[in-house]
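File shown: run-v8.tsv (TSV, C-alpha atoms).
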chain	number	residue	atom	x	y	z
A	1	MET	CA	115.24	30.98	38.87
A	2	ARG	CA	111.92	32.87	38.58
A	3	ARG	CA	111.55	36.00	36.43
A	4	MET	CA	108.75	37.93	34.79
A	5	GLY	CA	107.47	35.79	31.92
A	6	GLU	CA	105.95	36.48	28.57
A	7	GLY	CA	102.31	35.92	29.56
A	8	GLY	CA	101.69	39.37	31.00
A	9	LYS	CA	102.18	41.22	34.25
A	10	GLY	CA	102.31	38.92	37.22
A	11	ALA	CA	102.85	35.75	35.21
A	12	VAL	CA	105.96	33.80	35.97
A	13	THR	CA	107.89	31.16	34.16
A	14	LYS	CA	111.15	29.34	34.66
A	15	VAL	CA	113.91	30.45	32.36
A	16	THR	CA	117.47	29.32	31.90
A	17	GLU	CA	119.94	31.72	33.44
A	18	PRO	CA	123.06	32.28	31.30
A	19	THR	CA	126.36	31.57	32.98
A	20	ALA	CA	128.52	34.54	33.98
A	21	VAL	CA	131.25	33.46	31.55
A	22	GLY	CA	128.83	33.01	28.66
A	23	LEU	CA	127.19	36.37	29.34
A	24	ALA	CA	130.57	38.12	29.48
A	25	LEU	CA	131.61	36.60	26.20
A	26	ARG	CA	128.38	37.37	24.35
A	27	PHE	CA	127.27	40.67	25.82
A	28	ASP	CA	127.21	43.66	23.46
A	29	TRP	CA	126.99	47.07	25.10
A	30	ASP	CA	125.49	48.56	21.93
A	31	ASP	CA	122.38	46.47	22.61
A	32	LEU	CA	121.85	48.41	25.83
A	33	LYS	CA	122.14	51.72	23.96
A	34	ILE	CA	119.56	50.58	21.42
A	35	PHE	CA	117.29	49.31	24.18
A	36	ALA	CA	117.55	52.62	26.07
A	37	ALA	CA	116.83	54.57	22.87
A	38	THR	CA	113.73	52.41	22.23
A	39	VAL	CA	112.44	53.10	25.72
A	40	GLU	CA	113.09	56.82	25.33
A	41	ALA	CA	111.48	57.00	21.87
A	42	GLY	CA	108.52	54.79	22.82
A	43	SER	CA	108.62	52.54	19.74
A	44	PHE	CA	110.96	50.62	17.49
A	45	SER	CA	110.21	52.92	14.56
A	46	ALA	CA	110.91	56.10	16.50
A	47	ALA	CA	114.13	54.59	17.92
A	48	ALA	CA	115.22	53.62	14.40
A	49	ARG	CA	114.78	57.22	13.23
A	50	MET	CA	116.66	58.52	16.28
A	51	LEU	CA	119.59	56.14	15.75
A	52	GLY	CA	119.65	56.28	11.96
A	53	ILE	CA	119.21	52.52	11.52
A	54	THR	CA	116.37	50.33	10.29
A	55	HIS	CA	113.29	49.28	12.25
A	56	SER	CA	114.23	45.62	11.85
A	57	SER	CA	117.74	46.26	13.22
A	58	VAL	CA	116.34	47.85	16.37
A	59	SER	CA	113.83	45.06	16.90
A	60	LYS	CA	116.43	42.34	16.31
A	61	ARG	CA	118.98	43.87	18.71
A	62	VAL	CA	116.41	44.18	21.49
A	63	GLU	CA	115.32	40.59	20.95
A	64	GLU	CA	118.96	39.45	21.10
A	65	LEU	CA	119.43	41.36	24.36
A	66	GLU	CA	116.36	39.69	25.85
A	67	ALA	CA	117.66	36.28	24.76
A	68	ARG	CA	121.06	36.90	26.32
A	69	LEU	CA	119.58	38.10	29.60
A	70	GLY	CA	116.92	35.37	29.64
A	71	ALA	CA	114.10	37.84	30.36
A	72	LYS	CA	111.51	39.83	28.46
A	73	LEU	CA	112.23	43.56	28.73
A	74	LEU	CA	109.48	45.14	26.63
A	75	TYR	CA	105.80	44.56	25.93
A	76	ARG	CA	105.05	45.10	22.26
A	77	ASN	CA	101.81	46.99	21.81
A	78	PRO	CA	100.16	48.50	18.69
A	79	GLY	CA	100.95	51.96	20.02
A	80	GLY	CA	104.57	51.23	20.91
A	81	VAL	CA	106.45	49.54	23.74
A	82	THR	CA	106.20	49.50	27.53
A	83	LEU	CA	108.60	48.16	30.12
A	84	THR	CA	108.33	44.90	32.00
A	85	GLU	CA	109.63	44.78	35.58
A	86	ALA	CA	112.89	43.33	34.27
A	87	GLY	CA	112.95	46.07	31.67
A	88	VAL	CA	112.72	48.73	34.37
A	89	LEU	CA	115.79	47.28	36.09
A	90	VAL	CA	117.76	47.10	32.87
A	91	ARG	CA	116.72	50.63	31.87
A	92	ASP	CA	117.93	52.00	35.22
A	93	HIS	CA	121.32	50.33	34.77
A	94	ALA	CA	121.53	51.48	31.16
A	95	LEU	CA	120.89	55.07	32.23
A	96	THR	CA	123.55	54.73	34.95
A	97	MET	CA	126.01	53.48	32.33
A	98	GLN	CA	125.13	56.36	30.04
A	99	ARG	CA	125.68	58.88	32.83
A	100	SER	CA	129.04	57.22	33.57
A	101	ALA	CA	129.99	57.40	29.90
A	102	ASP	CA	129.05	61.09	29.80
A	103	ALA	CA	131.13	61.69	32.94
A	104	VAL	CA	134.13	59.95	31.35
A	105	ALA	CA	133.71	62.09	28.24
A	106	ARG	CA	133.63	65.26	30.35
A	107	LEU	CA	136.62	64.08	32.37
A	108	VAL	CA	138.90	63.54	29.38
A	109	GLN	CA	137.38	66.07	26.99
A	110	GLY	CA	140.16	68.20	25.59
A	111	ARG	CA	142.99	66.17	27.10
A	112	ASP	CA	143.96	64.74	23.71
A	113	SER	CA	144.31	68.29	22.44
A	114	LYS	CA	146.84	69.16	25.15
A	115	GLN	CA	150.56	68.55	24.91
A	116	GLU	CA	150.77	66.78	28.24
A	117	GLY	CA	150.67	63.24	29.56
A	118	ARG	CA	152.58	60.03	28.89
A	119	VAL	CA	153.84	58.86	25.49
A	120	THR	CA	155.56	55.50	25.12
A	121	VAL	CA	158.17	54.98	22.41
A	122	ALA	CA	159.54	51.56	21.45
A	123	ALA	CA	162.95	51.45	19.78
A	124	PRO	CA	165.97	49.15	19.44
A	125	ASP	CA	168.31	49.40	22.40
A	126	GLY	CA	171.19	51.00	20.50
A	127	VAL	CA	168.96	53.66	18.94
A	128	SER	CA	167.37	54.29	22.35
A	129	ALA	CA	170.56	54.39	24.40
A	130	PHE	CA	172.88	56.24	22.04
A	131	TRP	CA	170.56	58.56	20.17
A	132	VAL	CA	167.06	59.02	21.62
A	133	ALA	CA	167.96	59.10	25.33
A	134	PRO	CA	170.75	61.71	24.97
A	135	GLN	CA	168.26	64.11	23.32
A	136	LEU	CA	165.65	63.73	26.08
A	137	ALA	CA	167.02	66.34	28.48
A	138	GLU	CA	166.35	69.23	26.09
A	139	PHE	CA	162.96	67.85	25.03
A	140	LEU	CA	161.77	67.45	28.63
A	141	ARG	CA	163.09	70.89	29.53
A	142	VAL	CA	160.93	72.45	26.80
A	143	ASN	CA	157.97	70.09	27.42
A	144	PRO	CA	157.85	69.52	31.20
A	145	ASN	CA	154.28	68.17	31.13
A	146	VAL	CA	155.13	65.29	28.79
A	147	ARG	CA	156.28	61.99	30.31
A	148	ILE	CA	158.19	59.50	28.18
A	149	GLY	CA	158.17	55.72	28.36
A	150	LEU	CA	161.13	54.27	26.45
A	151	ASP	CA	160.69	50.58	25.68
A	152	CYS	CA	163.87	48.87	24.43
A	153	GLY	CA	162.33	45.42	24.16
A	154	PHE	CA	164.30	43.87	27.02
A	155	TRP	CA	163.06	42.46	30.32
A	156	ALA	CA	160.02	40.68	28.93
A	157	MET	CA	158.98	39.78	32.48
A	158	ASP	CA	159.01	43.45	33.47
A	159	PRO	CA	157.46	45.36	30.55
A	160	LEU	CA	156.38	48.96	30.64
A	161	THR	CA	152.87	49.49	31.92
A	162	ASP	CA	151.40	50.59	28.60
A	163	PRO	CA	151.79	49.63	24.94
A	164	PRO	CA	153.85	51.93	22.69
A	165	ASP	CA	152.23	54.92	21.01
A	166	LEU	CA	155.17	55.17	18.60
A	167	ALA	CA	157.73	52.60	17.49
A	168	ILE	CA	161.02	52.86	15.63
A	169	VAL	CA	161.31	49.62	13.64
A	170	VAL	CA	163.49	48.04	10.97
A	171	ASP	CA	160.71	45.96	9.43
A	172	ARG	CA	157.60	47.37	7.76
A	173	ASP	CA	154.75	44.93	8.23
A	174	GLU	CA	152.33	45.65	5.39
A	175	ARG	CA	149.75	43.33	6.94
A	176	LYS	CA	149.12	45.94	9.64
A	177	LEU	CA	146.59	47.93	7.64
A	178	ASP	CA	145.71	50.21	10.57
A	179	PHE	CA	149.32	51.34	11.01
A	180	VAL	CA	151.36	54.00	9.24
A	181	PHE	CA	155.06	53.45	8.47
A	182	THR	CA	157.01	56.63	7.74
A	183	PRO	CA	160.70	56.54	6.66
A	184	LEU	CA	162.72	57.98	9.55
A	185	ALA	CA	166.41	57.42	8.84
A	186	VAL	CA	168.90	55.16	7.07
A	187	LEU	CA	171.72	53.35	8.86
A	188	HIS	CA	174.81	52.62	6.76
A	189	TYR	CA	176.63	49.59	8.18
A	190	CYS	CA	180.41	49.49	7.85
A	191	ILE	CA	183.19	47.35	9.32
A	192	PHE	CA	184.80	49.16	12.24
A	193	VAL	CA	187.70	48.55	14.59
A	194	SER	CA	189.22	50.60	17.39
A	195	PRO	CA	192.77	52.03	17.33
A	196	GLU	CA	193.53	50.03	20.49
A	197	TYR	CA	192.68	46.77	18.71
A	198	LEU	CA	194.84	47.70	15.70
A	199	ASN	CA	197.75	48.57	17.98
A	200	THR	CA	197.52	45.13	19.56
A	201	TYR	CA	196.61	42.85	16.65
A	202	GLY	CA	197.49	44.84	13.53
A	203	MET	CA	195.53	45.91	10.46
A	204	PRO	CA	193.76	43.16	8.47
A	205	GLN	CA	195.23	42.96	4.96
A	206	SER	CA	192.04	41.74	3.22
A	207	LEU	CA	188.46	40.65	3.82
A	208	ALA	CA	189.65	37.08	4.18
A	209	ASP	CA	192.19	38.27	6.73
A	210	VAL	CA	189.42	39.97	8.71
A	211	ALA	CA	187.92	36.51	9.28
A	212	ASN	CA	191.14	35.55	11.09
A	213	HIS	CA	190.63	38.28	13.65
A	214	ARG	CA	188.26	38.51	16.60
A	215	ILE	CA	184.83	39.08	15.05
A	216	LEU	CA	181.93	40.71	16.89
A	217	HIS	CA	178.55	39.71	15.47
A	218	HIS	CA	175.11	41.21	16.07
A	219	THR	CA	172.33	38.67	15.52
A	220	ALA	CA	169.90	41.33	14.23
A	221	LEU	CA	172.03	41.99	11.16
A	222	SER	CA	169.83	39.51	9.30
A	223	HIS	CA	167.17	42.19	8.79
A	224	GLN	CA	166.64	43.57	5.27
A	225	LYS	CA	168.96	40.94	3.80
A	226	GLN	CA	168.40	42.30	0.31
A	227	ASN	CA	170.37	45.42	1.32
A	228	TRP	CA	173.52	43.56	2.40
A	229	ASP	CA	176.26	42.98	-0.17
A	230	GLU	CA	178.00	39.68	-0.72
A	231	ARG	CA	180.98	40.64	1.46
A	232	ALA	CA	178.78	40.46	4.55
A	233	SER	CA	177.69	36.90	3.77
A	234	ALA	CA	181.25	35.89	2.99
A	235	LEU	CA	182.58	37.38	6.21
A	236	GLN	CA	179.91	35.66	8.28
A	237	ALA	CA	180.60	32.32	6.57
A	238	LEU	CA	184.37	32.57	7.12
A	239	SER	CA	184.40	33.78	10.70
A	240	ASN	CA	183.82	32.17	14.08
A	241	PRO	CA	182.64	35.14	16.18
A	242	SER	CA	184.36	35.87	19.46
A	243	LEU	CA	181.21	37.72	20.52
A	244	GLU	CA	177.63	37.15	19.42
A	245	THR	CA	175.05	39.50	20.88
A	246	ASN	CA	171.50	40.77	20.34
A	247	SER	CA	172.28	44.11	21.97
A	248	SER	CA	173.37	47.03	19.81
A	249	ALA	CA	174.63	48.90	22.86
A	250	SER	CA	176.85	45.94	23.83
A	251	MET	CA	178.11	45.71	20.26
A	252	ILE	CA	179.12	49.38	20.04
A	253	LEU	CA	180.79	49.42	23.46
A	254	ALA	CA	182.72	46.22	22.73
A	255	LEU	CA	183.92	47.71	19.43
A	256	LYS	CA	184.85	50.97	21.10
A	257	ASP	CA	186.93	49.27	23.78
A	258	GLY	CA	188.86	47.05	21.37
A	259	ALA	CA	187.18	43.65	21.80
A	260	GLY	CA	187.27	42.95	18.09
A	261	ILE	CA	186.15	43.88	14.57
A	262	GLY	CA	182.48	44.19	13.63
A	263	ALA	CA	179.76	45.92	11.64
A	264	ALA	CA	178.06	49.00	13.01
A	265	PRO	CA	176.21	52.03	11.61
A	266	SER	CA	178.42	54.89	10.47
A	267	GLY	CA	176.62	56.96	13.12
A	268	ALA	CA	178.52	54.94	15.74
A	269	LEU	CA	181.17	57.62	15.32
A	270	THR	CA	178.92	59.94	17.32
A	271	ILE	CA	179.69	57.70	20.32
A	272	ALA	CA	183.19	56.60	19.39
A	273	PRO	CA	184.64	59.11	16.88
A	274	ASP	CA	188.06	57.40	16.91
A	275	LEU	CA	186.80	54.15	15.38
A	276	VAL	CA	188.52	53.18	12.12
A	277	MET	CA	186.37	52.20	9.14
A	278	LEU	CA	187.63	49.24	7.09
A	279	GLY	CA	186.40	49.55	3.51
A	280	PRO	CA	183.15	50.89	2.03
A	281	PRO	CA	179.71	50.33	3.61
A	282	MET	CA	178.26	46.82	3.47
A	283	SER	CA	174.58	47.69	3.65
A	284	LYS	CA	172.00	50.33	4.44
A	285	ILE	CA	169.09	49.64	6.76
A	286	GLN	CA	165.89	51.70	6.69
A	287	LEU	CA	164.40	52.79	10.00
A	288	TRP	CA	160.65	53.42	10.07
A	289	LEU	CA	158.49	55.40	12.47
A	290	CYS	CA	155.40	53.26	13.07
A	291	HIS	CA	152.11	54.23	14.73
A	292	HIS	CA	148.40	53.59	14.52
A	293	ARG	CA	146.74	55.74	11.88
A	294	ASP	CA	144.79	57.65	14.57
A	295	ALA	CA	147.71	58.10	17.00
A	296	LEU	CA	148.76	61.55	15.79
A	297	LYS	CA	145.30	62.93	16.54
A	298	VAL	CA	146.52	63.02	20.15
A	299	ALA	CA	148.53	66.22	20.59
A	300	ARG	CA	151.17	64.80	22.93
A	301	VAL	CA	151.83	61.84	20.61
A	302	LYS	CA	152.16	64.13	17.59
A	303	LEU	CA	154.54	66.33	19.59
A	304	VAL	CA	156.83	63.37	20.32
A	305	ALA	CA	156.55	62.07	16.74
A	306	ASP	CA	157.63	65.46	15.38
A	307	TRP	CA	160.50	65.55	17.86
A	308	LEU	CA	161.70	62.11	16.74
A	309	LYS	CA	161.64	63.25	13.12
A	310	ASP	CA	163.71	66.28	14.12
A	311	ILE	CA	166.42	64.32	15.92
A	312	PHE	CA	166.74	61.92	12.96
A	313	ASP	CA	166.72	64.74	10.40
A	314	PRO	CA	169.27	63.72	7.73
A	315	ARG	CA	169.83	67.34	6.73
A	316	GLN	CA	171.22	68.03	10.18
A	317	PHE	CA	172.74	64.59	10.83
A	318	PRO	CA	174.37	63.35	7.60
A	319	TRP	CA	174.94	59.80	8.89
A	320	PHE	CA	171.15	59.27	8.57
A	321	ARG	CA	170.97	60.21	4.87
A	322	ASP	CA	169.83	57.80	2.20
A	323	GLU	CA	173.11	58.26	0.35
A	324	PHE	CA	176.28	57.24	2.15
A	325	VAL	CA	178.33	60.11	3.56
A	326	HIS	CA	181.90	59.15	4.38
A	327	PRO	CA	182.78	59.55	8.07
A	328	ASP	CA	185.64	61.88	7.13
A	329	GLU	CA	182.97	64.42	6.20
A	330	PHE	CA	181.24	64.38	9.59
A	331	ARG	CA	183.82	63.00	12.02
A	332	GLU	CA	184.66	66.44	13.41
A	333	GLN	CA	180.96	67.21	13.73
A	334	ALA	CA	180.60	64.00	15.75
A	335	ARG	CA	183.53	64.95	18.02
A	336	THR	CA	182.11	68.43	18.55
A	337	ARG	CA	178.69	67.02	19.37
A	338	ARG	CA	180.21	64.59	21.87
A	339	ARG	CA	182.12	67.40	23.61
A	340	THR	CA	178.94	69.49	23.74
A	341	ASP	CA	176.90	66.61	25.20
A	342	ALA	CA	179.58	65.96	27.82
A	343	SER	CA	179.56	69.60	28.95
A	344	THR	CA	175.76	69.85	29.35
Written as structure tokens, how would this file's structure read?
Amino acid sequence: MRRMGEGGKGAVTKVTEPTAVGLALRFDWDDLKIFAATVEAGSFSAAARMLGITHSSVSKRVEELEARLGAKLLYRNPGGVTLTEAGVLVRDHALTMQRSADAVARLVQGRDSKQEGRVTVAAPDGVSAFWVAPQLAEFLRVNPNVRIGLDCGFWAMDPLTDPPDLAIVVDRDERKLDFVFTPLAVLHYCIFVSPEYLNTYGMPQSLADVANHRILHHTALSHQKQNWDERASALQALSNPSLETNSSASMILALKDGAGIGAAPSGALTIAPDLVMLGPPMSKIQLWLCHHRDALKVARVKLVADWLKDIFDPRQFPWFRDEFVHPDEFREQARTRRRTDAST
């Protein structure tokens, strides 16, 4: 391919054209900005002052751009720089890109300061189905311009169209230095059984006797192992589960309808207030609200984050407190809440 060469105007030389793949992999858009600034300023020194970087940095980035494109873009003269024919073409495209960038900025300017648009929340399916989703009606009534994506982690082949802005998680990954993990709630896991099951199979007389009953096991109960007491390990070792599931919603509904005996958060009584608790809690699991450190700069994301903190507020909902509150102290509150939800 023939391009303008290095010998002056009109001279030609054969250069190697980079492949499209190689160019895509190596191209740096900042080089175009530095090139455009050099053309506008008229010299490397003036461009360096304009950009707040060193003369050598400007010169090096322009040289790297020329090497990547396989063409000389600027003539270096004692008084400054002038454009080659290839440089004129690149400058015109750089200016077009800059105008497009300015148009994008104008288009979205202020949108992040408005409480409108889509916010995606990722959460375990039980938390999503039994706690977050039932609160959505009131939130959307008050905030009609906010759209919620609720990602429960299922249907890997059909994910939501955008990554989560906020996530409710049970594991805090300290390697993610750009993310913030804020304590949201505590789940106290207890052994529960329905009255229907007890009427059919009787009350277990001991922990060992529980292992002789139909056990429902959730595979995710391996999280935060340090918070589970020895009874949980013993029960798991002794039992041969009748149901093993990775769905919290399936676990709660199976418990509620008398399929067997299993561990669930004390807050399960908000869905099934008639469940019977067998013995003291076996563990407490910390839920975290996770987001990128810059996420809350977007007004709609902060709005949803604040709402999530409200609906998990342990002062209002005692089953989310750090200290265990016996279900007898909030069972009636759970029944009242369920009646209220059913009537709205």
Excluding region 199-201 of chain A and its own-chain neighbours fewer than 6 positions away, which residues fall within 12 Å of it when counting all atoms listed in the file? Please give them as a list in words.
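Neighbouring residues, sequence-local ones excluded: Val193, Asp209, Val210, Asn212, His213, Arg214, Gly258, Ala259, Gly260, Ile261 and Val276 of chain A.
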Two-atom distance - CA of Ile215 (chain A), CA of Leu243 (chain A) (Å)
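Computing the Euclidean distance for CA of Ile215 (chain A) and CA of Leu243 (chain A) yields 6.7 Å.
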Which one of A:Ala264, A:Ile168, A:Ala295, A:Leu32 sits closest to Leu65 (chain A) if you count all atoms listed in the file?
A:Leu32
Pick from A:Arg300, A:His188, A:His217, A:Arg293: nearest to Pro318 (chain A), with all atoms listed in the file counted?
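For Pro318 (chain A), the nearest of the given residues is A:His188.
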Å distance separating CA of Leu140 (chain A) from CA of Leu253 (chain A), one decimal place
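So the two atoms, CA of Leu140 (chain A) and CA of Leu253 (chain A), lie 26.7 Å apart.
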Kindly indicate which residue among A:His292, A:Val325, A:Arg331, A:Leu166 lies nearest to Leu308 (chain A), using only C-alpha atoms for the distances.
A:Leu166
Compile the contact shell of Asp162 (chain A) as an NGL selection string: residues with an atom at most 12 Å away, counting only C-alpha atoms, same-chain residues fewer than 2 positions apart removed.
:A and (118-122 or 148-151 or 158-160 or 164-166)
Give me, please, the distance in Å between CA of Leu296 (chain A) and CA of Asp310 (chain A), quoted to one decimal.
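Computing the Euclidean distance for CA of Leu296 (chain A) and CA of Asp310 (chain A) yields 15.8 Å.
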Using only C-alpha atoms for the distances, tell me which of A:Glu40, A:Asp178, A:Asp173, A:Glu116 is nearest to Leu303 (chain A).
A:Glu116
Excluding same-chain residues fewer than 5 positions from Gly117 (chain A), what lies within 10 Å of it counting only C-alpha atoms, as a PyMOL selection string?
chain A and resi 111-112+144-148+299-301
Extract, using all atoms listed in the file, all DNA, RNA and protein residues at most 10 Å from Trp131 (chain A), discarding same-chain residues fewer than 6 positions from it, and format them as number ranges by chain.
A: 125, 267-268, 270-271, 311-312
Measuring atom to atom with all atoms listed in the file, identify which of A:Ala211, A:Ala167, A:Ala272, A:Ala249 is nearest to Ser194 (chain A).
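Looking only at the distances to Ser194 (chain A), the closest residue turns out to be A:Ala272.
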Taking only C-alpha atoms into account, which of A:Phe130, A:Phe324, A:Phe139, A:Phe317 comes nearest Tyr189 (chain A)?
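Of A:Phe130, A:Phe324, A:Phe139, A:Phe317, the one nearest Tyr189 (chain A) is A:Phe324, counting only C-alpha atoms.
Neighbouring residues of region 77-88 of chain A at 8 Å or closer, counting all atoms listed in the file and skipping chain neighbours under 2 positions away, are A:Arg3, A:Met4, A:Lys9, A:Thr38, A:Val39, A:Gly42, A:Ser43, A:Phe44, A:Ala71, A:Lys72, A:Leu73, A:Leu74, A:Tyr75, A:Val90, A:Arg91, A:Asp92.
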